[in-house]
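Written out below as structure tokens is the structure these notes cover.
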Amino acid sequence: MFSHILVAADNPFGDKLWLVIGAIALLIIGFFLVIFFSFFRLWIQAVFTGAKVTPVDLIGMKLRNVDYGMIVRQKIALRQAGVKVDNEELEAHYLARGNVPKVAAAVIAAHKAGIDLPWRIASAIDLAGRDILDAVKTSVNPKVIDCPDPAKGRPTLDGVCRNGIQLRARARVTVRTKLDRLVGGATEETIVARVGEGIVKAIGGAEHHTDVLANPNMISQAVLKNSLDSQTAFEIVSIDVAEIDVGANIGANLQADQAAADLRVYQARAERTRAEAVAREQEMRALVEENRAKVVLAEAEVPLAIAQAFREGKLGVMDYYNFQNIQADTEMRNSIASVGNRRERSDRPLG
């Protein structure tokens with residue numbers, strides 16, 4: 001024993017080596033203690049709730065940069081609700097930038113309501129950008145949609161009955177979310193558009209507007225028969241017509257507009273006929289003047305013909321005087337006849 005002490009005293013480097021080894025051991029023990037105590041509370045909670053989360057799982061989450069505290073709390077909540085979800089599924093959804101607490105709350109709410117919603121489908125809906133928790137709430141508690149939405153367009157749906165009377169309707173659609181069609185299904189805007197189209201079609205199919213006013217339910221029944229919720233993420237529970245107002249008499253307005261248009265067409269045709277008549281009148285006047293000019297030319301040739309007859313000996317002096325007498329007698333008769341016509345017109349009573 002004394003010899004060992006002498007050897008240790010003669011070897012001072014051995015003491016330093018043992019000090020280094022002890023320091024490293026203390027550091028390792030301290031590191032594991034820090035890790036143990038940082039995970040201890042979560043691990044104890046998992047153990048007492050049966051969540052099946054081991055310290056190794058917690059260390060792995062820490063190394064994978066996963067919010068292990070949130071994962072463990074959600075795993076405990078799911079376990080307490082009776083929903084079985086693996087740790088890997090929770091971590092995968094977190095690493096995919098999904099909202100793990102919202103998906104967990106949605107799955108728990110669906111399980112409590114008796115709705116079959118696996119974690120795989122719920123996480124896919126969340127990653128697709130849909131609000132899975134709101135969808136589950138809507139599936140459990142149906143919500144009401146205004147049709148049309150006053151904030152996005154016209155306040156009423158306008159349709160015209162067969163008798164020409166316009167009706168302005170406003171409906172409220174009660175829908176329930178169909179979780180199995182939430183991915184890839186159409187949204188609320190499609191429901192509103194389809195219901196609006198169905199209401200306008202139903203109003204247009206009514207023979208008289210009083211039939212619709214007396215029984216607004218006929219619109220709801222006609223719309224519900226068209227399966228408007230196909231290929232959408234919702235199921236239509238009911239369609240209630242909240243308000244119906246009588247608008248303008250579209251048929252009468254159209255007839256009045258058509259009559260005014262026909263009047264303009266007929267006026268245009270009459271104006272064209274009048275213009276053609278005026279043009280024809282001008283043509284006839286021009287033709288009369290042309291014929292008068294021909295008569296004047298012909299009368300101018302008469303003295304020439306008489307002179308030629310004198311030169312050729314075909315007309316004597318007495319013949320010429322007889323011709324002058326006949327012409328003077330004709331002019332006198334014409335003047336007497338014109339004077340008589342003027343007297344007859346002046347002797348007629350007025351009115």
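Each chain of the structure tokens is named A, B, ... in the order shown, its residues numbered from 1; ligands are numbered from 1 in display order.
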
Apply DSSP to the structure's backbone, then extract all residues of range 75-149 of chain A labelled strand (DSSP E or B) and return them as a ChimeraX atom specification.
/A:143-147

Can you pull out the residues contacting range 197-200 of chain A? Cut-off 8 Å, using only C-alpha atoms, and skip same-chain residues under 6 positions away; I want them as a VMD selection string.
chain A and resid 157 to 160 219 to 220 222 to 223 226

Within 9 Å of Gly196 in chain A using only C-alpha atoms, minus same-chain residues under 4 positions, as a ChimeraX atom specification
/A:147-148,157,171,191-192,200-201

Would you mind exporting the chosen residues as a PDB file, in the first residue's frame, restricted to N, CA and C atoms?
ATOM      1  N   CYS A 147     -79.373  33.855 -49.384  1.00  0.00           N
ATOM      2  CA  CYS A 147     -79.339  33.717 -50.847  1.00  0.00           C
ATOM      3  C   CYS A 147     -80.317  34.731 -51.446  1.00  0.00           C
ATOM      4  N   PRO A 148     -79.801  35.758 -52.122  1.00  0.00           N
ATOM      5  CA  PRO A 148     -78.379  36.025 -52.342  1.00  0.00           C
ATOM      6  C   PRO A 148     -77.756  36.722 -51.143  1.00  0.00           C
ATOM      7  N   LEU A 157     -83.436  38.051 -55.543  1.00  0.00           N
ATOM      8  CA  LEU A 157     -83.412  37.263 -56.772  1.00  0.00           C
ATOM      9  C   LEU A 157     -84.662  37.618 -57.570  1.00  0.00           C
ATOM     10  N   ALA A 171     -84.112  34.159 -50.058  1.00  0.00           N
ATOM     11  CA  ALA A 171     -84.221  32.862 -49.401  1.00  0.00           C
ATOM     12  C   ALA A 171     -83.086  32.669 -48.398  1.00  0.00           C
ATOM     13  N   ILE A 191     -73.237  26.816 -53.785  1.00  0.00           N
ATOM     14  CA  ILE A 191     -74.582  26.577 -53.257  1.00  0.00           C
ATOM     15  C   ILE A 191     -75.476  27.785 -53.495  1.00  0.00           C
ATOM     16  N   VAL A 192     -74.953  28.973 -53.194  1.00  0.00           N
ATOM     17  CA  VAL A 192     -75.738  30.204 -53.380  1.00  0.00           C
ATOM     18  C   VAL A 192     -76.100  30.391 -54.852  1.00  0.00           C
ATOM     19  N   VAL A 200     -84.994  31.393 -59.498  1.00  0.00           N
ATOM     20  CA  VAL A 200     -85.395  32.158 -60.690  1.00  0.00           C
ATOM     21  C   VAL A 200     -86.125  31.250 -61.680  1.00  0.00           C
ATOM     22  N   LYS A 201     -85.627  30.011 -61.831  1.00  0.00           N
ATOM     23  CA  LYS A 201     -86.283  29.067 -62.735  1.00  0.00           C
ATOM     24  C   LYS A 201     -87.674  28.709 -62.237  1.00  0.00           C
TER      25      LYS A 201
END

Range 246-257 of chain A surroundings by only C-alpha atoms, 12 Å radius, close-in-sequence under 3 positions cut, as an NGL selection string
:A and (156-169 or 203 or 208-210 or 212-213 or 243 or 260-264)

Write the residues of the preceding selection, restricted to N, CA and C atoms, as a tab-separated table (two decimals), in the first residue's frame.
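The new file out.tsv reads:
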chain	number	residue	atom	x	y	z
A	156	THR	N	-81.90	40.85	-53.82
A	156	THR	CA	-82.99	39.92	-54.10
A	156	THR	C	-82.71	39.16	-55.39
A	157	LEU	N	-83.44	38.05	-55.54
A	157	LEU	CA	-83.41	37.26	-56.77
A	157	LEU	C	-84.66	37.62	-57.57
A	158	ASP	N	-84.46	38.13	-58.77
A	158	ASP	CA	-85.58	38.61	-59.59
A	158	ASP	C	-85.93	37.60	-60.66
A	159	GLY	N	-87.21	37.20	-60.70
A	159	GLY	CA	-87.72	36.31	-61.72
A	159	GLY	C	-89.02	36.84	-62.28
A	160	VAL	N	-89.39	36.39	-63.47
A	160	VAL	CA	-90.60	36.86	-64.15
A	160	VAL	C	-91.51	35.67	-64.41
A	161	CYS	N	-92.75	35.76	-63.92
A	161	CYS	CA	-93.74	34.71	-64.17
A	161	CYS	C	-94.20	34.76	-65.63
A	162	ARG	N	-94.96	33.76	-66.00
A	162	ARG	CA	-95.41	33.69	-67.39
A	162	ARG	C	-96.40	34.80	-67.74
A	163	ASN	N	-97.07	35.36	-66.74
A	163	ASN	CA	-97.98	36.47	-67.03
A	163	ASN	C	-97.27	37.81	-67.10
A	164	GLY	N	-95.94	37.81	-66.97
A	164	GLY	CA	-95.17	39.04	-67.15
A	164	GLY	C	-94.90	39.82	-65.89
A	165	ILE	N	-95.35	39.35	-64.72
A	165	ILE	CA	-95.15	40.07	-63.47
A	165	ILE	C	-93.83	39.62	-62.85
A	166	GLN	N	-93.04	40.60	-62.43
A	166	GLN	CA	-91.74	40.31	-61.81
A	166	GLN	C	-91.91	40.07	-60.31
A	167	LEU	N	-91.22	39.04	-59.80
A	167	LEU	CA	-91.21	38.74	-58.37
A	167	LEU	C	-89.77	38.81	-57.87
A	168	ARG	N	-89.61	39.43	-56.71
A	168	ARG	CA	-88.29	39.57	-56.09
A	168	ARG	C	-88.28	38.75	-54.80
A	169	ALA	N	-87.43	37.73	-54.78
A	169	ALA	CA	-87.42	36.79	-53.67
A	169	ALA	C	-86.08	36.83	-52.94
A	203	ILE	N	-89.67	30.54	-60.34
A	203	ILE	CA	-90.55	31.70	-60.55
A	203	ILE	C	-90.95	31.80	-62.02
A	208	HIS	N	-98.93	32.16	-62.96
A	208	HIS	CA	-99.42	33.45	-62.46
A	208	HIS	C	-98.67	33.79	-61.19
A	209	HIS	N	-98.39	35.07	-61.00
A	209	HIS	CA	-97.62	35.47	-59.83
A	209	HIS	C	-98.38	35.27	-58.53
A	210	THR	N	-99.71	35.28	-58.60
A	210	THR	CA	-100.49	35.06	-57.38
A	210	THR	C	-100.34	33.63	-56.87
A	212	VAL	N	-97.54	31.96	-56.78
A	212	VAL	CA	-96.32	31.95	-55.98
A	212	VAL	C	-96.54	32.68	-54.67
A	213	LEU	N	-97.26	33.82	-54.72
A	213	LEU	CA	-97.52	34.56	-53.50
A	213	LEU	C	-98.40	33.77	-52.53
A	243	GLU	N	-88.76	36.05	-48.12
A	243	GLU	CA	-89.48	37.27	-48.54
A	243	GLU	C	-89.75	37.19	-50.03
A	260	ALA	N	-93.81	50.67	-79.29
A	260	ALA	CA	-93.07	51.87	-79.67
A	260	ALA	C	-92.09	51.57	-80.80
A	261	ALA	N	-91.45	50.41	-80.73
A	261	ALA	CA	-90.52	50.03	-81.80
A	261	ALA	C	-91.27	49.81	-83.12
A	262	ASP	N	-92.45	49.15	-83.05
A	262	ASP	CA	-93.25	48.95	-84.27
A	262	ASP	C	-93.71	50.29	-84.85
A	263	LEU	N	-94.09	51.23	-83.94
A	263	LEU	CA	-94.51	52.55	-84.41
A	263	LEU	C	-93.39	53.24	-85.16
A	264	ARG	N	-92.19	53.15	-84.62
A	264	ARG	CA	-91.06	53.78	-85.32
A	264	ARG	C	-90.80	53.11	-86.66

Looking only at helix (DSSP H, G or I) from DSSP on the backbone, list the matching residues of range 44-95 of chain A as a PyMOL selection string.
chain A and resi 44-49+55-63+68-81+87-95

Ranking A:Trp119, A:Asn65, A:Gly22, A:Ile306 by minimum distance to Asp319 in chain A and counting only C-alpha atoms, which one comes first?
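With only C-alpha atoms as the atom set, the closest residue is A:Ile306.
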
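Once Glu89 in chain A and its same-chain neighbours fewer than 5 positions away are set aside, Ile71, Gln74, Lys75, Lys84, Tyr94, Leu95, Ala96, Gly98, Val100, Val103, Ala104, Pro118, Trp119, Arg120, Ile121, Ala122, Ser123 and Ala124 of chain A remain within 12 Å of it when counting only C-alpha atoms.
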
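CA of Ile125 in chain A lies 6.0 Å from CA of Val183 in chain A.
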
Mind checking which residues fall within 7 Å of range 128-138 of chain A, counting only C-alpha atoms, ignoring those fewer than 4 positions away in the same chain, and posting them as a ChimeraX atom specification?
/A:102-103,105-106,110,122,124,142-143,176-177
